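**Q** So here's protein-v4.txt, just compact mmCIF, C-alpha atoms:
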```txt
# COMPACT_ATOMS: atom_id res chain seq x y z
CA MET A 1 -66.49 -12.67 12.73
CA ILE A 2 -68.27 -10.66 15.37
CA ASP A 3 -69.36 -12.19 18.68
CA LEU A 4 -72.93 -13.50 18.42
CA LYS A 5 -73.37 -12.77 22.12
CA VAL A 6 -72.87 -9.04 21.41
CA LEU A 7 -75.41 -9.23 18.60
CA ARG A 8 -78.03 -10.89 20.83
CA GLU A 9 -77.50 -8.62 23.82
CA ASN A 10 -77.04 -5.30 22.04
CA PRO A 11 -77.96 -5.40 18.34
CA GLU A 12 -78.02 -1.59 18.23
CA ILE A 13 -74.21 -1.56 18.53
CA VAL A 14 -73.99 -3.74 15.44
CA ARG A 15 -76.55 -1.64 13.55
CA ALA A 16 -74.64 1.54 14.42
CA SER A 17 -71.40 -0.01 13.21
CA GLN A 18 -73.01 -1.08 9.95
CA HIS A 19 -74.41 2.42 9.49
CA ALA A 20 -71.00 4.01 10.17
CA ARG A 21 -69.41 1.75 7.57
CA GLY A 22 -72.13 2.45 5.02
CA GLU A 23 -73.11 -1.24 5.08
CA ASP A 24 -76.50 -2.95 5.06
CA GLN A 25 -78.18 -2.75 8.48
CA GLY A 26 -80.91 -5.21 7.45
CA VAL A 27 -78.47 -8.09 7.72
CA VAL A 28 -78.54 -7.58 11.51
CA ASP A 29 -82.25 -8.41 11.74
CA SER A 30 -81.84 -11.29 9.29
CA LEU A 31 -79.08 -12.73 11.44
CA LEU A 32 -81.05 -12.31 14.66
CA SER A 33 -83.98 -14.16 13.08
CA ALA A 34 -81.76 -16.94 11.73
CA ASP A 35 -80.02 -17.30 15.09
CA GLU A 36 -83.36 -17.60 16.89
CA ARG A 37 -84.51 -20.27 14.43
CA ARG A 38 -81.22 -22.10 14.80
CA ARG A 39 -81.44 -22.15 18.59
CA SER A 40 -85.06 -23.31 18.37
CA ALA A 41 -84.02 -26.10 15.99
CA ILE A 42 -81.21 -27.15 18.32
CA SER A 43 -83.62 -27.25 21.26
CA ARG A 44 -86.17 -29.28 19.32
CA ALA A 45 -83.54 -31.73 18.06
CA ASP A 46 -82.13 -32.17 21.59
CA THR A 47 -85.62 -32.80 23.00
CA LEU A 48 -86.45 -35.35 20.32
CA ARG A 49 -83.13 -37.17 20.79
CA ALA A 50 -83.80 -37.36 24.52
CA GLU A 51 -87.26 -38.83 23.81
CA GLN A 52 -85.60 -41.28 21.42
CA LYS A 53 -83.27 -42.53 24.15
CA VAL A 54 -86.15 -43.03 26.59
CA LEU A 55 -88.18 -44.81 23.93
CA GLY A 56 -85.22 -47.03 23.08
CA ARG A 57 -85.07 -48.25 26.69
CA GLU A 58 -88.81 -48.91 26.70
CA VAL A 59 -88.55 -50.93 23.47
CA GLY A 60 -85.85 -53.05 25.07
CA LYS A 61 -88.17 -54.01 27.91
CA ALA A 62 -91.42 -54.44 25.92
CA LYS A 63 -92.77 -57.58 24.31
CA GLY A 64 -95.45 -58.60 21.86
CA ASP A 65 -97.94 -56.03 20.65
CA GLU A 66 -96.57 -53.38 22.99
CA ARG A 67 -93.11 -53.77 21.47
CA ALA A 68 -94.50 -53.54 17.94
CA ALA A 69 -96.37 -50.34 18.82
CA LEU A 70 -93.26 -48.85 20.40
CA LEU A 71 -91.16 -49.76 17.37
CA ALA A 72 -93.65 -47.99 15.10
CA LYS A 73 -93.51 -44.96 17.36
CA ALA A 74 -89.69 -45.12 17.34
CA LYS A 75 -89.73 -45.13 13.55
CA ASP A 76 -91.88 -41.99 13.45
CA LEU A 77 -89.70 -40.36 16.11
CA ALA A 78 -86.55 -41.16 14.12
CA ALA A 79 -88.06 -39.36 11.14
CA GLU A 80 -88.81 -36.34 13.35
CA VAL A 81 -85.23 -36.35 14.68
CA LYS A 82 -83.86 -36.48 11.15
CA ALA A 83 -86.06 -33.56 10.09
CA ALA A 84 -85.08 -31.54 13.20
CA GLU A 85 -81.39 -32.18 12.58
CA ALA A 86 -81.78 -31.12 8.95
CA GLU A 87 -83.43 -27.89 10.12
CA GLN A 88 -80.63 -27.39 12.64
CA ASN A 89 -77.98 -27.80 9.93
CA ALA A 90 -79.83 -25.53 7.50
CA THR A 91 -80.29 -22.73 10.02
CA ALA A 92 -76.68 -23.09 11.20
CA ALA A 93 -75.49 -22.66 7.60
CA GLU A 94 -77.72 -19.59 7.24
CA VAL A 95 -76.30 -18.09 10.44
CA ASP A 96 -72.74 -18.71 9.25
CA GLU A 97 -73.46 -17.13 5.87
CA LEU A 98 -75.03 -14.02 7.40
CA LEU A 99 -72.36 -13.75 10.09
CA ALA A 100 -69.65 -13.79 7.43
CA ARG A 101 -71.29 -10.75 5.81
CA ILE A 102 -70.93 -8.54 8.88
CA PRO A 103 -67.54 -6.78 9.16
CA ASN A 104 -65.84 -6.05 12.46
CA LEU A 105 -67.46 -3.51 14.77
CA VAL A 106 -65.89 -0.08 14.39
CA HIS A 107 -64.17 1.77 17.21
CA PRO A 108 -66.46 4.46 18.67
CA ASP A 109 -63.76 7.10 18.15
CA ALA A 110 -63.06 6.26 14.51
CA PRO A 111 -64.16 9.10 12.20
CA VAL A 112 -67.34 8.31 10.28
CA GLY A 113 -67.30 8.54 6.51
CA GLY A 114 -65.52 7.40 3.38
CA GLU A 115 -61.99 7.43 2.01
CA ASP A 116 -61.60 11.20 2.25
CA ASP A 117 -63.11 11.61 5.72
CA PHE A 118 -60.01 10.64 7.71
CA VAL A 119 -58.74 12.78 10.60
CA VAL A 120 -55.11 13.93 10.71
CA LEU A 121 -53.75 13.07 14.15
CA LYS A 122 -50.28 14.56 13.75
CA THR A 123 -47.83 15.87 11.15
CA VAL A 124 -44.10 15.29 11.51
CA GLY A 125 -41.51 17.29 9.56
CA GLU A 126 -41.91 19.94 6.88
CA PRO A 127 -41.97 19.25 3.14
CA ARG A 128 -38.61 20.14 1.64
CA GLN A 129 -38.37 23.35 -0.37
CA PHE A 130 -36.35 22.58 -3.50
CA ASP A 131 -34.28 25.23 -5.28
CA PHE A 132 -34.57 23.15 -8.46
CA GLU A 133 -37.37 21.30 -10.23
CA PRO A 134 -37.57 17.92 -8.46
CA LEU A 135 -37.93 14.73 -10.51
CA ASP A 136 -40.42 12.01 -9.72
CA HIS A 137 -39.26 8.62 -8.49
CA LEU A 138 -39.51 6.96 -11.91
CA ASP A 139 -37.31 9.53 -13.64
CA LEU A 140 -34.85 9.33 -10.76
CA GLY A 141 -34.92 5.53 -10.70
CA THR A 142 -34.48 5.29 -14.47
CA ARG A 143 -31.51 7.69 -14.47
CA LEU A 144 -29.90 5.76 -11.62
CA GLY A 145 -30.45 2.42 -13.35
CA ALA A 146 -32.56 1.42 -10.34
CA ILE A 147 -36.04 0.89 -11.81
CA ASP A 148 -37.04 -0.58 -15.16
CA VAL A 149 -40.80 -0.52 -15.80
CA GLU A 150 -40.56 -0.93 -19.57
CA ARG A 151 -38.97 -4.36 -19.34
CA GLY A 152 -41.26 -5.19 -16.43
CA ALA A 153 -44.22 -4.58 -18.73
CA LYS A 154 -42.55 -6.52 -21.55
CA VAL A 155 -42.04 -9.56 -19.31
CA SER A 156 -45.16 -9.49 -17.14
CA GLY A 157 -47.53 -6.74 -18.27
CA SER A 158 -48.55 -3.39 -16.84
CA ARG A 159 -47.85 -2.56 -13.18
CA PHE A 160 -44.79 -4.82 -13.06
CA TYR A 161 -41.17 -3.65 -12.88
CA PHE A 162 -37.59 -4.66 -12.29
CA LEU A 163 -35.55 -3.25 -9.43
CA LYS A 164 -31.89 -3.48 -10.35
CA GLY A 165 -28.50 -2.32 -9.15
CA VAL A 166 -28.82 0.34 -6.47
CA GLY A 167 -32.63 0.00 -6.62
CA ALA A 168 -32.46 -3.65 -5.58
CA GLN A 169 -29.82 -2.79 -2.97
CA LEU A 170 -31.96 0.00 -1.55
CA GLU A 171 -35.03 -2.21 -1.19
CA LEU A 172 -33.10 -5.03 0.47
CA ALA A 173 -31.42 -2.52 2.79
CA LEU A 174 -34.80 -1.07 3.75
CA LEU A 175 -36.30 -4.49 4.43
CA MET A 176 -33.25 -5.58 6.41
CA MET A 177 -33.44 -2.43 8.54
CA ALA A 178 -37.13 -3.17 9.18
CA ALA A 179 -36.34 -6.79 10.09
CA GLN A 180 -33.60 -5.67 12.46
CA GLN A 181 -35.89 -3.16 14.17
CA ALA A 182 -38.65 -5.75 14.52
CA THR A 183 -36.40 -8.39 16.08
CA ALA A 184 -34.90 -5.77 18.43
CA ASN A 185 -38.45 -5.11 19.68
CA GLY A 186 -39.27 -8.75 20.35
CA PHE A 187 -40.80 -9.84 17.05
CA GLN A 188 -39.84 -13.24 15.68
CA LEU A 189 -38.79 -12.90 12.05
CA MET A 190 -40.71 -15.15 9.66
CA ILE A 191 -40.41 -15.72 5.90
CA THR A 192 -43.96 -16.76 5.11
CA PRO A 193 -45.74 -18.74 2.37
CA THR A 194 -47.29 -16.56 -0.29
CA LEU A 195 -49.95 -19.11 -1.26
CA VAL A 196 -52.68 -19.96 1.25
CA ARG A 197 -55.79 -22.10 1.46
CA PRO A 198 -59.27 -20.56 1.05
CA GLU A 199 -60.17 -21.03 4.72
CA ILE A 200 -57.11 -19.01 5.79
CA MET A 201 -57.81 -16.20 3.32
CA ALA A 202 -61.47 -16.15 4.37
CA GLY A 203 -60.50 -16.29 8.05
CA THR A 204 -58.59 -13.03 7.79
CA GLY A 205 -61.55 -11.29 6.12
CA PHE A 206 -60.11 -10.82 2.64
CA LEU A 207 -62.63 -12.89 0.68
CA GLY A 208 -65.55 -10.53 1.18
CA ALA A 209 -65.75 -7.08 -0.38
CA HIS A 210 -62.06 -7.18 -1.38
CA SER A 211 -61.98 -10.59 -3.05
CA SER A 212 -61.57 -8.97 -6.47
CA GLU A 213 -58.16 -7.70 -5.34
CA ILE A 214 -56.80 -11.22 -4.83
CA TYR A 215 -55.14 -13.59 -7.28
CA HIS A 216 -56.70 -17.07 -7.20
CA LEU A 217 -55.19 -20.26 -8.62
CA PRO A 218 -58.34 -22.31 -9.31
CA ASP A 219 -56.54 -25.52 -10.31
CA ASP A 220 -54.94 -25.66 -6.86
CA ASP A 221 -57.62 -23.67 -4.99
CA LEU A 222 -54.94 -21.48 -3.45
CA TYR A 223 -54.72 -17.70 -3.10
CA LEU A 224 -51.72 -15.43 -3.51
CA VAL A 225 -51.44 -13.21 -0.44
CA GLY A 226 -51.46 -9.41 -0.55
CA THR A 227 -49.75 -9.27 2.85
CA SER A 228 -48.02 -11.68 5.22
CA GLU A 229 -50.79 -10.78 7.68
CA VAL A 230 -52.73 -13.64 6.05
CA PRO A 231 -50.33 -16.55 6.67
CA LEU A 232 -49.36 -15.13 10.07
CA ALA A 233 -53.03 -14.99 11.10
CA GLY A 234 -53.41 -18.60 9.99
CA TYR A 235 -50.20 -19.74 11.68
CA HIS A 236 -51.97 -20.49 14.97
CA ALA A 237 -55.38 -21.47 13.56
CA ASP A 238 -57.17 -24.02 15.79
CA GLU A 239 -54.53 -23.59 18.51
CA ILE A 240 -54.43 -22.43 22.12
CA LEU A 241 -51.62 -19.92 22.64
CA ASP A 242 -49.32 -20.06 25.63
CA GLY A 243 -48.99 -16.28 25.77
CA GLU A 244 -48.61 -13.18 23.58
CA LYS A 245 -47.04 -13.74 20.17
CA ARG A 246 -45.36 -11.19 17.91
CA TYR A 247 -44.13 -12.00 14.42
CA ALA A 248 -42.54 -9.98 11.62
CA GLY A 249 -43.38 -11.50 8.26
CA TRP A 250 -41.12 -10.93 5.26
CA SER A 251 -42.86 -11.80 1.99
CA SER A 252 -43.57 -10.94 -1.58
CA CYS A 253 -47.14 -9.68 -1.92
CA TYR A 254 -49.56 -9.73 -4.84
CA ARG A 255 -52.59 -7.55 -5.59
CA ARG A 256 -54.73 -7.49 -8.70
CA GLU A 257 -55.49 -3.77 -8.21
CA ALA A 258 -58.99 -4.37 -9.56
CA GLY A 259 -60.93 -1.15 -9.89
CA SER A 260 -57.79 1.01 -10.04
CA TYR A 261 -57.72 1.42 -13.82
CA GLY A 262 -55.96 4.65 -14.69
CA LYS A 263 -54.81 5.30 -11.10
CA ASP A 264 -51.09 5.60 -10.29
CA THR A 265 -50.05 3.90 -13.49
CA ARG A 266 -46.68 5.67 -13.50
CA GLY A 267 -43.83 4.12 -11.56
CA ILE A 268 -44.08 1.77 -8.59
CA ILE A 269 -46.73 3.32 -6.36
CA ARG A 270 -49.56 0.94 -7.28
CA VAL A 271 -48.21 -2.37 -8.59
CA HIS A 272 -49.20 -6.03 -8.74
CA GLN A 273 -46.15 -7.38 -6.87
CA PHE A 274 -44.06 -5.89 -4.08
CA ASN A 275 -42.11 -6.87 -0.98
CA LYS A 276 -43.03 -6.07 2.59
CA VAL A 277 -42.11 -6.60 6.24
CA GLU A 278 -45.30 -6.80 8.32
CA MET A 279 -45.69 -6.88 12.10
CA PHE A 280 -48.37 -9.19 13.48
CA SER A 281 -49.42 -9.52 17.12
CA TYR A 282 -51.60 -11.93 19.11
CA VAL A 283 -52.62 -10.40 22.46
CA ARG A 284 -55.44 -10.53 24.98
CA PRO A 285 -58.41 -8.40 23.87
CA GLU A 286 -58.03 -6.01 26.80
CA ASP A 287 -54.44 -5.28 25.68
CA ALA A 288 -55.26 -4.67 22.01
CA GLU A 289 -55.54 -0.86 22.09
CA ALA A 290 -52.21 -0.49 23.88
CA GLU A 291 -50.62 -2.87 21.37
CA HIS A 292 -52.10 -0.81 18.54
CA ALA A 293 -50.37 2.29 19.88
CA ARG A 294 -47.09 0.37 20.13
CA LEU A 295 -47.33 -0.81 16.51
CA LEU A 296 -47.93 2.76 15.37
CA GLY A 297 -44.92 3.89 17.38
CA TRP A 298 -42.69 1.32 15.72
CA GLU A 299 -43.91 2.42 12.29
CA GLU A 300 -43.10 6.03 13.13
CA GLU A 301 -39.65 4.96 14.33
CA MET A 302 -38.98 3.47 10.89
CA LEU A 303 -40.24 6.59 9.13
CA ALA A 304 -37.94 8.75 11.25
CA ARG A 305 -35.01 6.59 10.16
CA ILE A 306 -35.62 7.28 6.47
CA GLU A 307 -35.92 11.02 7.22
CA VAL A 308 -39.09 11.92 5.31
CA PRO A 309 -41.97 14.23 6.33
CA TYR A 310 -45.11 12.30 7.17
CA ARG A 311 -48.49 12.50 8.82
CA VAL A 312 -50.60 10.04 10.81
CA ILE A 313 -54.28 9.69 9.97
CA ASP A 314 -57.20 8.01 11.73
CA THR A 315 -58.91 6.14 8.88
CA ALA A 316 -62.65 6.71 8.45
CA THR A 317 -65.11 3.89 9.08
CA GLY A 318 -66.01 3.40 5.41
CA ASP A 319 -62.37 2.78 4.52
CA LEU A 320 -61.42 0.33 7.27
CA GLY A 321 -61.72 -2.96 5.43
CA THR A 322 -63.64 -5.95 6.72
CA SER A 323 -61.46 -6.94 9.69
CA ALA A 324 -60.30 -3.64 11.17
CA HIS A 325 -61.88 -2.16 14.29
CA ARG A 326 -59.66 0.90 13.90
CA LYS A 327 -56.81 1.74 11.51
CA PHE A 328 -54.05 4.33 11.54
CA ASP A 329 -52.14 5.14 8.35
CA CYS A 330 -48.80 6.91 8.05
CA GLU A 331 -48.51 8.92 4.86
CA ALA A 332 -45.21 10.30 3.57
CA TRP A 333 -44.82 13.50 1.58
CA VAL A 334 -44.24 12.84 -2.14
CA PRO A 335 -42.73 16.02 -3.68
CA SER A 336 -43.61 15.23 -7.31
CA GLN A 337 -47.29 14.92 -6.39
CA GLY A 338 -47.36 17.67 -3.78
CA ARG A 339 -49.30 15.49 -1.38
CA TYR A 340 -49.03 12.75 1.22
CA ARG A 341 -49.26 9.09 0.17
CA GLU A 342 -49.76 6.03 2.36
CA LEU A 343 -46.62 4.13 3.35
CA THR A 344 -47.79 2.21 6.41
CA SER A 345 -51.02 1.00 7.92
CA THR A 346 -51.71 -0.56 11.31
CA SER A 347 -55.02 -2.19 12.22
CA ASN A 348 -56.58 -3.44 15.44
CA CYS A 349 -58.71 -6.40 14.35
CA THR A 350 -59.81 -7.25 17.94
CA THR A 351 -61.12 -10.85 18.07
CA PHE A 352 -62.61 -10.76 14.56
CA GLN A 353 -59.95 -12.81 12.74
CA ALA A 354 -59.08 -15.07 15.66
CA ARG A 355 -62.74 -16.03 16.13
CA ARG A 356 -62.93 -17.10 12.48
CA LEU A 357 -59.63 -18.98 12.72
CA ASN A 358 -60.28 -20.39 16.22
CA VAL A 359 -57.16 -18.93 17.87
CA ARG A 360 -57.49 -18.96 21.65
CA TYR A 361 -55.57 -18.47 24.90
CA ARG A 362 -56.20 -19.53 28.49
CA ASP A 363 -57.24 -16.85 30.97
CA GLU A 364 -56.20 -16.74 34.63
CA ASN A 365 -58.93 -19.28 35.43
CA GLY A 366 -57.73 -21.71 32.78
CA LYS A 367 -60.73 -21.03 30.56
CA THR A 368 -60.12 -20.63 26.82
CA GLN A 369 -60.87 -17.20 25.34
CA ILE A 370 -60.60 -15.77 21.82
CA ALA A 371 -57.35 -13.85 21.19
CA ALA A 372 -57.05 -10.43 19.54
CA THR A 373 -54.94 -9.85 16.42
CA LEU A 374 -53.24 -6.71 15.13
CA ASN A 375 -51.02 -5.91 12.17
CA GLY A 376 -48.77 -3.09 11.03
CA THR A 377 -46.43 -2.40 8.09
CA LEU A 378 -42.75 -1.71 8.74
CA ALA A 379 -41.50 -1.33 5.16
CA THR A 380 -42.63 -1.97 1.59
CA THR A 381 -41.39 -1.37 -1.95
CA ARG A 382 -43.46 1.84 -2.07
CA TRP A 383 -41.12 3.40 0.49
CA LEU A 384 -38.53 3.75 -2.28
CA VAL A 385 -40.77 6.43 -3.82
CA ALA A 386 -40.52 8.64 -0.73
CA ILE A 387 -36.80 7.97 -0.22
CA LEU A 388 -35.81 8.76 -3.82
CA GLU A 389 -37.95 11.88 -4.16
CA ASN A 390 -37.27 13.46 -0.78
CA HIS A 391 -33.52 12.87 -0.85
CA GLN A 392 -32.77 13.76 -4.47
CA GLN A 393 -30.14 16.30 -5.47
CA GLU A 394 -30.06 18.66 -8.43
CA ASP A 395 -27.69 16.42 -10.42
CA GLY A 396 -30.12 13.48 -10.16
CA SER A 397 -28.21 11.66 -7.42
CA VAL A 398 -29.93 10.62 -4.20
CA VAL A 399 -28.56 10.89 -0.67
CA VAL A 400 -28.98 7.67 1.30
CA PRO A 401 -30.54 8.30 4.75
CA ALA A 402 -27.88 7.82 7.43
CA ALA A 403 -29.70 4.92 9.12
CA LEU A 404 -29.79 2.97 5.83
CA ARG A 405 -26.11 3.34 4.99
CA PRO A 406 -24.85 0.41 7.11
CA PHE A 407 -27.28 -1.83 5.20
CA MET A 408 -25.94 -0.44 1.89
CA GLY A 409 -22.33 -1.29 2.62
CA GLY A 410 -21.65 2.28 3.68
CA LEU A 411 -22.88 3.80 0.42
CA ASP A 412 -24.01 7.35 1.12
CA VAL A 413 -25.08 8.61 -2.33
CA LEU A 414 -26.81 6.83 -5.21
CA ARG A 415 -25.44 8.00 -8.56
```
When written as C-alpha cells, how does the structure in this file appear?
**A**
Amino acid sequence: MIDLKVLRENPEIVRASQHARGEDQGVVDSLLSADERRRSAISRADTLRAEQKVLGREVGKAKGDERAALLAKAKDLAAEVKAAEAEQNATAAEVDELLARIPNLVHPDAPVGGEDDFVVLKTVGEPRQFDFEPLDHLDLGTRLGAIDVERGAKVSGSRFYFLKGVGAQLELALLMMAAQQATANGFQLMITPTLVRPEIMAGTGFLGAHSSEIYHLPDDDLYLVGTSEVPLAGYHADEILDGEKRYAGWSSCYRREAGSYGKDTRGIIRVHQFNKVEMFSYVRPEDAEAEHARLLGWEEEMLARIEVPYRVIDTATGDLGTSAHRKFDCEAWVPSQGRYRELTSTSNCTTFQARRLNVRYRDENGKTQIAATLNGTLATTRWLVAILENHQQEDGSVVVPAALRPFMGGLDVLR
C-alpha cells in the first residue's frame, strides 16, 4: 500500500498517479476524509480512556452518595468509550479498505497511457532474414517431438501442453542456465511453494484488479501463484531484515488467462501452467532504482546468451499492474508473427508490497523502516518460442544456442 504520510502531505501526487493510471481519483478524497475521521476517533477514544482512568481513581477514594454518583458517571463514560472505540474500529476498517484500492504511485518518468503507449528504450540485434519460409514454434516443436498440445488438451483442457524429449530437455537447460547465472550474481536459489495464503497474495497486490487471473482453492482458501514473486515477497513477512536479500525462485506458475479468449490460442505463448526462474530483491528504498537497473541488466545478459533479437520497453502507466512503480519489459523477436513478444519483465515495487507485508530493516540509527521490493524474470517456458523460431533451419532442425549446449549434454542441434 502507499504511505499514508505521502497522501496527507501531498495528495496531488496521489491524484496525479491515479490519473496517469486511468484509475479513480475520487478515492483519494474519500481516503483523506476517512483518515481524518479515524484520527479524530482515535483522539476521542484516547481522551475518554484517560478520563476513565482519572474517574476510576476518584471512585476508589469516594464513599457514600459521592461514590454512587461517580459510579453512575463511570457507567455512562464506559458507554462513551465503547462507542468511541467502535467508531475507531469502523473508520480504521474504512481506511484499510480504501487504501487497498490505491495502486502504487507511478514513476514520474514512466510513459502515460495504456498497453500500446510504451516507449522503446533500446533494440538489440536485427531480425533474421530467412531464405526459406520459417515455421512457427508449434510446427517446429511438433516435428521435433518436443511439444504436444493435443494430448495436453485431452488431459487438462485448452492452453495446456506436454513438453517431451528435447522440448523438456531444452526447458530444463534454460532454467538451469538461469539458476546458474542468478547464483553467480549473488542470488540465493529457492524452490518455492506454489500455493499461498490469501494475506500473502493480497500483500503482493494480486487480489485487486487482477484477481480474475488467479486460481483459488476455496476448500483450502489457498491461491495458486502466477509467479514465485508471491511466495518470495511473503518469505520475510512480519520480519526485520538484517541487510539486503536477493532470491531466485524456481517454480511452476499458474494463470487462468481470464479475458484472453481467442488470444494466442496456438502453441505455448499464453498458457495456464508454465515454469519460471524469477529474481526477487529486498533493498533500501533509496537503492531501489539502481537495483532495478541491475535486474534489467541481468535479464539482458540471459537474452544475449540465447542469441535472439530483442527490445527493451518502458511500460506505460496504465499497464503497470497494482504494485509496480515502474516496469521494463524485454521483448524478443518472433519470426512467425513478425513482431516482438514479451519474454521478461522487471518491476520496481518500492515499499508498496513490503508495507502491506510488514517487511522492515533497521537504518543507521537503529530505527525500523519499510524495505523496497523488486522482481525480474530470468527465464520462462515462453522463451522456447523465441529459441525454436529464431534458430530453426530449413530442414526443421533447430540449432541450440552455444551457451545452452553445456546444459543439454553438449547437444548442438535438435532434430
**Q** I'd like the contact shell of His391 (chain A) - 12 Å cut-off, only C-alpha atoms, skipping same-chain residues fewer than 3 positions apart - returned as a ChimeraX atom specification.
**A** /A:127-130,134-137,140,306-309,333-335,384-388,394-402,412-414
**Q** Write out as number ranges by chain each polymer residue whose atoms come within 10 Å of region 109-126 of chain A, counting only C-alpha atoms; drop sequence neighbours fewer than 5 positions from it.
**A** A: 17, 19-22, 300, 303-304, 307-320, 325-333
**Q** Deliver the residues from the most recent selection as a file, using C-alpha atoms, as a compact mmCIF listing (two decimals), in the coordinates of the input.
**A**
```
# COMPACT_ATOMS: atom_id res chain seq x y z
CA SER A 17 -71.40 -0.01 13.21
CA HIS A 19 -74.41 2.42 9.49
CA ALA A 20 -71.00 4.01 10.17
CA ARG A 21 -69.41 1.75 7.57
CA GLY A 22 -72.13 2.45 5.02
CA GLU A 300 -43.10 6.03 13.13
CA LEU A 303 -40.24 6.59 9.13
CA ALA A 304 -37.94 8.75 11.25
CA GLU A 307 -35.92 11.02 7.22
CA VAL A 308 -39.09 11.92 5.31
CA PRO A 309 -41.97 14.23 6.33
CA TYR A 310 -45.11 12.30 7.17
CA ARG A 311 -48.49 12.50 8.82
CA VAL A 312 -50.60 10.04 10.81
CA ILE A 313 -54.28 9.69 9.97
CA ASP A 314 -57.20 8.01 11.73
CA THR A 315 -58.91 6.14 8.88
CA ALA A 316 -62.65 6.71 8.45
CA THR A 317 -65.11 3.89 9.08
CA GLY A 318 -66.01 3.40 5.41
CA ASP A 319 -62.37 2.78 4.52
CA LEU A 320 -61.42 0.33 7.27
CA HIS A 325 -61.88 -2.16 14.29
CA ARG A 326 -59.66 0.90 13.90
CA LYS A 327 -56.81 1.74 11.51
CA PHE A 328 -54.05 4.33 11.54
CA ASP A 329 -52.14 5.14 8.35
CA CYS A 330 -48.80 6.91 8.05
CA GLU A 331 -48.51 8.92 4.86
CA ALA A 332 -45.21 10.30 3.57
CA TRP A 333 -44.82 13.50 1.58
```
**Q** Closest to Ser211 (chain A) among A:Gln18, A:Thr322, A:Gln392, A:Asn10, using only C-alpha atoms?
**A**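 Among the listed residues, the smallest separation from Ser211 (chain A) belongs to A:Thr322.
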**Q** Find the residues around region 172-184 of chain A up to 6 Å (all atoms listed in the file counted), leave out those fewer than 2 positions away in its own chain, and share them as a PyMOL selection string.
**A** chain A and resi 169-170+186-188+378+407-408
**Q** Of the candidates A:Leu138, A:Ile42, A:Met190, A:Leu31, which one gets nearest to Glu389 (chain A) if we count all atoms listed in the file?
**A**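 Comparing A:Leu138, A:Ile42, A:Met190, A:Leu31 against Glu389 (chain A), the winner is A:Leu138.
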**Q** Which is closer to Ile102 (chain A) than all the others in A:Leu224, A:Met279, A:Ala290, A:Val14, using only C-alpha atoms?
**A** A:Val14
**Q** Have a look at A:Gly249, A:Pro285, A:Gly145, A:Pro103 and name the one nearest to Leu207 (chain A); count all atoms listed in the file.
**A** A:Pro103
**Q** For CA of Arg15 (chain A) and CA of Arg355 (chain A), determine how far apart the two atoms are, in Å to one decimal place.
**A**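 For CA of Arg15 (chain A) relative to CA of Arg355 (chain A), the distance reads 20.1 Å.
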**Q** As a count of residues only, please: the residues near region 92-98 of chain A (cut-off 12 Å, all atoms listed in the file, same-chain neighbours under 4 positions excluded).
**A** 31
**Q** Between A:Val359, A:Leu71, A:Ile214, A:Ile240, which is the closest to Cys253 (chain A) once you count only C-alpha atoms?
**A**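 So, comparing all the options, the nearest one is A:Ile214.
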**Q** Select, counting only C-alpha atoms, all protein, DNA and RNA residues no farther than 12 Å from (-47.2, 4.7, -16.5) in file coordinates, and express the selection as a list in words.
**A**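 Residues satisfying the cut-off, written out: His137, Leu138, Asp139, Asp148, Val149, Glu150, Gly152, Ala153, Gly157, Ser158, Arg159, Phe160, Tyr161, Tyr261, Gly262, Lys263, Asp264, Thr265, Arg266, Gly267, Ile268, Ile269, Arg270 and Val271 of chain A.
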**Q** Please report the interatomic distance between CA of Arg197 (chain A) and CA of Leu217 (chain A) in Å with one decimal.
**A**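 Distance between the two atoms: 10.3 Å.
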**Q** Measure the distance from CA of Ala16 (chain A) to CA of Leu105 (chain A) in Å and round it to one decimal.
**A** 8.8 Å
**Q** Here is a test: counting only C-alpha atoms, which residue of A:Met201, A:His210, A:Trp250, A:Trp298 is nearest to Gly234 (chain A)?
**A**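 The closest residue to Gly234 (chain A) is A:Met201.
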**Q** For region 347-351 of chain A, please output as a PDB file with C-alpha atoms, keeping the file's coordinate frame all residues within 7 Å (counting all atoms listed in the file; exclusion window: fewer than 2 positions along the same chain).
**A**
```pdb
ATOM      1  CA  PRO A 285     -58.410  -8.400  23.870  1.00  0.00           C
ATOM      2  CA  ALA A 288     -55.260  -4.670  22.010  1.00  0.00           C
ATOM      3  CA  HIS A 292     -52.100  -0.810  18.540  1.00  0.00           C
ATOM      4  CA  SER A 323     -61.460  -6.940   9.690  1.00  0.00           C
ATOM      5  CA  ALA A 324     -60.300  -3.640  11.170  1.00  0.00           C
ATOM      6  CA  HIS A 325     -61.880  -2.160  14.290  1.00  0.00           C
ATOM      7  CA  ARG A 326     -59.660   0.900  13.900  1.00  0.00           C
ATOM      8  CA  LYS A 327     -56.810   1.740  11.510  1.00  0.00           C
ATOM      9  CA  PHE A 328     -54.050   4.330  11.540  1.00  0.00           C
ATOM     10  CA  SER A 345     -51.020   1.000   7.920  1.00  0.00           C
ATOM     11  CA  GLN A 353     -59.950 -12.810  12.740  1.00  0.00           C
ATOM     12  CA  ALA A 354     -59.080 -15.070  15.660  1.00  0.00           C
ATOM     13  CA  ARG A 355     -62.740 -16.030  16.130  1.00  0.00           C
ATOM     14  CA  ILE A 370     -60.600 -15.770  21.820  1.00  0.00           C
ATOM     15  CA  ALA A 371     -57.350 -13.850  21.190  1.00  0.00           C
ATOM     16  CA  ALA A 372     -57.050 -10.430  19.540  1.00  0.00           C
ATOM     17  CA  THR A 373     -54.940  -9.850  16.420  1.00  0.00           C
ATOM     18  CA  LEU A 374     -53.240  -6.710  15.130  1.00  0.00           C
ATOM     19  CA  ASN A 375     -51.020  -5.910  12.170  1.00  0.00           C
ATOM     20  CA  GLY A 376     -48.770  -3.090  11.030  1.00  0.00           C
TER      21      GLY A 376
END
```
